[in-house]
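Peer 1: The following block contains the structure, expressed as structure tokens.
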Amino acid sequence: MSLLKIRNLRVEFGSLAHPFPAVDGLDFDIDRGELVGIVGESGSGKSVTMMALMGLIDAPGRVTADELVFDGHDLLKLKPAQRRKIVGKDISMIFQDALTSLNPSYTVGFQIKESLKVHMGLRGAALEKRALELLELVEIPAAKSRLGAYPHQLSGGMNQRVMIAVAIACNPKLLIADEPTTALDVTIQAQIMDLLERLQKEHNMGLIMITHDLAVIAEMAKRICVMYAGQVVEQAPVADLFRAPRHPYTQALLEAIPEHSKGARRLSALPGIVPGHYDRPKGCLLSPRCRYAQDKCSQERPALLDGVRCYYPLNAEGESTHG
Amino acid sequence: MTTQVQIADVVPSYPSPLKEFWQSFSHNKGAVVALFIFLSVIFCGVFAGWIAPHDPVEQYRDHMLTPPSWAGGGMSTYLLGTDELGRDILSRLIHGARISLFIAFMSVLMSLIPGMVLGLLAAFFPKGAGTVIMRVMDVMLALPGILLAICIITILGPGLINTMIAIAIGTLPSYTRLTRAAAMAEINKEYVTASRVAGAGALRLMFLTVLPNCMAPIIVNATLGFSSAILETAALGFLGLGVQPPTPEWGTMLSAARDYIERAPWVVTMPGVTILVTVLSINLMGDGLRDALDPKLKRAA
Amino acid sequence: MFSFILRKLATVIPTFIGITLVAFALIRMIPGDPIEVMVGERKLDPVMHAAAMQRLGLDQPLHIQYFRYVKDLAQGDLGISLVTREPVTKEFLTLFPATVELAICALLFAVLVGLPAGMIAGLKRGSVFDHGVMGVSMTGFSMPIFWWGLILIMYFSVTLGWTPVSGRIDIEFDIAQRTGFLLIDSWLSGEEGAFKSAAMHLILPTIVLGTIPLAVIARMTRSSMLEVLREDYIRTARAKGLAPTRVVVVHALRNALIPVITVIGLQVGSLLGGAVLTETIYSWPGIGKWLVDSISRRDYPVVQAGILVSATIFIVVNLFVDILYGVVNPRIRSAK
């Protein structure tokens, strides 16, 4: 049984009369100890999906799903108080900008200990010991003195390590990292990625790594899930995806990676942006931007079949399969 | 011909800034109502001579302290009643609008313009002039508005012009600080550097390049300054330090009315309600203006 | 922390020097020289005039006069009232507690009502309560408080007869001054009804003086709350699985209060200004009424002292607020 099973998740914003689906019929699974990457442009619904999982979508946003089962509990059927016993303990999340995601008025130590107190009931010396242990686990030097530091006194990379310490404090079964390195320098990015990978292996956590940069997770993840406009458009093991992308959108993403398109004179870019509230196409959501689009594409939405949401999936040579 | 028309249709038409502003402003219903109330107060002030049913200083000795027309013993000629000297309250309020608005307008102007200039100077020359200007403003800010006004009235003596001056000096620091802060935020932006590189002189940079981009908060502050000037004029009048009787000024009217609280409550009520409604309408308008002018605050509101 | 306080202190000194200059200049900018001002309408013969000038040191160069003024100030000498011939400092010390008592009550009223109201309005944004709070505070903010005072007297004192019209305590009570705060003194005196009388006298002036600060605090708290609730760290706190009350109380409130503290400090200015009006309406024997009375009596040394003292209070309170701001906001404290 998978650790997390999402079926037909929908997150809508806007009025009931004119809803805007930020996530539109999403299916997703992850197993214990698995590392899955979710990739997509800004606005493709990656973060919103995870916010919905964490229960962080407020009215007027609406979350519905056929199934949102984590570790045997259907999260949408739980009472808020019961759900909070899971969120922050068994599922935890780290965010993009660590400095603004940490409360400026409290010390790093306070923010780490808070979860330990609330979820694990630790007090006194045990609490102190565990907090210190966590800081050491995320490789913060001089950990003892850092417990009393405020976020603004630490560097960006250091703050992200603190965020990770907060997130893994209660030994979660699933860790979600929402673009954890986007706000950091390149060298620090690599360190944080290595740290996350190591922690994931050591603690056998499920890890969902959200990013808009395929290259970042190419080496880490086993499986990659590509999202576009609130839907999964392709899902495949990393090697297959890189070797032979089947969805035109995946292909476009790959072509935008410098290392992956060696020999090309210039990097190709997908024209246009993710559809917004008022310009959601009737047919395939990518159809206005897709170079292979046919008449059928702009008439009806394709379903996710065999890991790809396209009427004319690309073949191994990267060519469209129509006609 | 037809092709040209089609092209014109295709080109997206952006609303003019004024229209866009109005769309934004009219979204706030309270602000629109407030605008109409305020416009009617201005109308009353401007055409006071024609609208007012009586002469504001004429004393109808036979009808002293007549209640409003709807109350027992009221007379329809004196719609809102008469005061202790038999003057028609409605006429005095209408003429009072002219005085209050005039003082408020002049005092805003008299603090807005020097305030902007000083603020720009402080922003452009932070080392020399800036330090001196901001220190002086700190001193002025240490005296709460009405106390500073009292201080100035003590020196100049009471009166209409002096009230204007006192209020203007009292609000000067807020414009200076605001302009300085806004200008400091703009001054390092690329467009200013571009203009500087293109050879624009200090004056051009200050007034043509930077100032227009600082206007939104200044306009909002001026609206609020206008309402607080009306309040302060009335407060000074109430204390006997502002416009002197028999000039029909709202605060001065209240000052005289204090002794009639028990016998003639309308003498107290009417001027106060007038002040409150006027000030409230300006403040509501200011809120609407802020939402319409400042897109960043608009999202927050 | 200590160096932070010192830094703040240093920024205040030039302002304070400026204030003494203004107060010093005030009496010399009034038309006519100080001697003429003192004797008023009467004509003084030139010899006596010169003698008086010399006695008061007014024939000295201005900067010498200024240093003398500052020296006197340092010794607590604010001059002699022209009307009562008493030292201004002595009069001030008897009147000051009355103003402080009123101002503290008004500020407490404003904070205790405005802060929770603004907070709840921010949390329940768009609700009926929110609209109510915003409407009331907008009206309060636009209120001519001298008129508001009269209306309250008209209704509660004249029509209903619930509260006294003016003064600090009923005339039958003769309370020994210990702290100067009548609420405390009347409590200590043990006289029956004295405390109630003092409290009843305080109610209306407190409401009147507290109205504008209340409106400002409520509005500020609301918008600050709204802003903080959108912050990333609130999302983090919720992602930790904390209960909503803990998210608000521990994570939102503290950060939301930081700007509100500054606003509360600035309200002291509005309180000092408002005290002039409130004390005049309620014949409250404090420094506000003293100042207004002295202007009409042309008692310039008193006006000079009143201005100086008000400004000093304002500066000191805001200095205190700045320091408090540093205590609650760790980012400010360490900023160089």
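A note on labels: chains of the structure tokens are A, B, ... as shown, every chain counts residues from 1, and ligands are counted from 1 in their shown order.
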Give me, as a ChimeraX atom specification, all polymer residues having an atom no more than 9 Å from range 133-147 of chain B, counting only C-alpha atoms and skipping those fewer than 4 positions away in the same chain.

Peer 2: /B:118-119,121-122,128-129,151-152,166-167,169-174,176-177,232,235-236 /C:14-19,22,268-274,276,307-308,310-315

Peer 1: Write out as a VMD selection string all residues of range 79-141 of chain A that DSSP puts in alpha helix (DSSP H) for this structure's backbone.

Peer 2: chain A and resid 80 to 86 98 to 101 108 to 115 124 to 137

Peer 1: Selected residues, N, CA and C atoms, written as a short mmCIF file (atom, residue, chain, number, x, y, z; two decimals), in the first residue's frame, please.

Peer 2:
```
data_model
loop_
_atom_site.label_atom_id
_atom_site.label_comp_id
_atom_site.auth_asym_id
_atom_site.auth_seq_id
_atom_site.Cartn_x
_atom_site.Cartn_y
_atom_site.Cartn_z
N PRO A 80 -10.54 18.68 11.83
CA PRO A 80 -9.33 19.51 11.80
C PRO A 80 -8.34 19.16 12.90
N ALA A 81 -8.84 18.94 14.12
CA ALA A 81 -7.93 18.67 15.23
C ALA A 81 -7.18 17.35 15.02
N GLN A 82 -7.89 16.35 14.48
CA GLN A 82 -7.24 15.06 14.22
C GLN A 82 -6.21 15.21 13.10
N ARG A 83 -6.58 15.99 12.11
CA ARG A 83 -5.69 16.18 10.98
C ARG A 83 -4.40 16.86 11.41
N ARG A 84 -4.52 17.80 12.36
CA ARG A 84 -3.32 18.50 12.83
C ARG A 84 -2.37 17.59 13.58
N LYS A 85 -2.88 16.42 14.02
CA LYS A 85 -1.98 15.47 14.67
C LYS A 85 -1.08 14.79 13.66
N ILE A 86 -1.53 14.77 12.40
CA ILE A 86 -0.72 14.16 11.34
C ILE A 86 0.17 15.21 10.68
N ALA A 98 13.39 30.48 3.19
CA ALA A 98 13.48 30.09 4.60
C ALA A 98 13.42 31.30 5.51
N LEU A 99 14.00 32.41 5.09
CA LEU A 99 14.05 33.57 5.99
C LEU A 99 12.64 34.06 6.30
N THR A 100 11.79 34.20 5.28
CA THR A 100 10.45 34.70 5.56
C THR A 100 9.56 33.60 6.12
N SER A 101 9.98 32.34 5.98
CA SER A 101 9.15 31.26 6.48
C SER A 101 9.42 30.97 7.96
N VAL A 108 15.65 30.47 16.76
CA VAL A 108 15.66 29.22 16.01
C VAL A 108 15.29 28.05 16.93
N GLY A 109 15.85 28.08 18.12
CA GLY A 109 15.61 27.01 19.08
C GLY A 109 14.13 26.88 19.40
N PHE A 110 13.50 28.04 19.65
CA PHE A 110 12.07 28.04 19.97
C PHE A 110 11.28 27.37 18.87
N GLN A 111 11.62 27.70 17.62
CA GLN A 111 10.82 27.22 16.50
C GLN A 111 11.02 25.73 16.25
N ILE A 112 12.21 25.23 16.60
CA ILE A 112 12.42 23.79 16.47
C ILE A 112 11.71 23.05 17.59
N LYS A 113 11.85 23.61 18.80
CA LYS A 113 11.27 22.93 19.97
C LYS A 113 9.76 22.92 19.92
N GLU A 114 9.18 23.93 19.25
CA GLU A 114 7.73 24.04 19.24
C GLU A 114 7.06 22.74 18.74
N SER A 115 7.54 22.23 17.60
CA SER A 115 6.94 20.99 17.08
C SER A 115 7.16 19.84 18.05
N GLY A 124 11.88 19.80 28.93
CA GLY A 124 13.12 19.86 29.71
C GLY A 124 14.35 19.40 28.96
N ALA A 125 15.14 18.58 29.63
CA ALA A 125 16.44 18.17 29.10
C ALA A 125 16.30 17.37 27.82
N ALA A 126 15.28 16.51 27.77
CA ALA A 126 15.08 15.69 26.57
C ALA A 126 14.81 16.58 25.36
N LEU A 127 14.03 17.63 25.60
CA LEU A 127 13.69 18.57 24.54
C LEU A 127 14.94 19.27 24.05
N GLU A 128 15.72 19.75 25.00
CA GLU A 128 16.96 20.46 24.68
C GLU A 128 17.90 19.55 23.86
N LYS A 129 17.98 18.32 24.31
CA LYS A 129 18.90 17.36 23.69
C LYS A 129 18.47 17.08 22.24
N ARG A 130 17.18 16.86 22.07
CA ARG A 130 16.67 16.53 20.74
C ARG A 130 16.85 17.73 19.79
N ALA A 131 16.61 18.96 20.27
CA ALA A 131 16.75 20.15 19.43
C ALA A 131 18.19 20.27 18.94
N LEU A 132 19.12 20.03 19.87
CA LEU A 132 20.53 20.12 19.54
C LEU A 132 20.91 19.05 18.52
N GLU A 133 20.39 17.87 18.77
CA GLU A 133 20.64 16.73 17.89
C GLU A 133 20.16 17.04 16.46
N LEU A 134 19.00 17.70 16.39
CA LEU A 134 18.44 18.03 15.08
C LEU A 134 19.34 19.02 14.33
N LEU A 135 19.81 20.02 15.06
CA LEU A 135 20.69 21.00 14.42
C LEU A 135 21.96 20.34 13.92
N GLU A 136 22.45 19.39 14.69
CA GLU A 136 23.65 18.68 14.26
C GLU A 136 23.35 17.80 13.05
N LEU A 137 22.15 17.23 13.06
CA LEU A 137 21.72 16.38 11.97
C LEU A 137 21.68 17.14 10.64
#
```

Peer 1: Counting only C-alpha atoms, which residues of chain C come no farther than 8 Å from chain A, as a ChimeraX atom specification?

Peer 2: /C:231-236,238-243,251,254-255,328-331

Peer 1: Enumerate as a ChimeraX atom specification all residues of range 53-193 of chain A assigned to strand (DSSP E or B) by DSSP on the backbone, naming them with the chain letters and numbers the document uses.

Peer 2: /A:62-64,67-70,73-74,87,91-94,174-178

Peer 1: Here is a test: counting only C-alpha atoms, which residue of B:Val243, B:Ile165, B:Val197, B:Leu156 is nearest to chain C?

Peer 2: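 Between B:Val243, B:Ile165, B:Val197, B:Leu156, the residue approaching chain C most closely is B:Leu156.
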
Peer 1: Name all residues at most 7 Å from Gln235 in chain A (count only C-alpha atoms; drop same-chain ones fewer than 3 positions away) and give them as a PyMOL selection string.

Peer 2: chain A and resi 224-226+307-308

Peer 1: Which neighbours of Arg68 in chain C fall inside 12 Å, counting only C-alpha atoms, when residues of the same chain fewer than 2 positions from it are skipped, and could you give them as JSON, numbers by chain?

Peer 2: {"C": [20, 24, 56, 57, 58, 60, 61, 62, 63, 64, 65, 66, 70, 71, 72, 73, 74, 75, 77, 78, 79]}
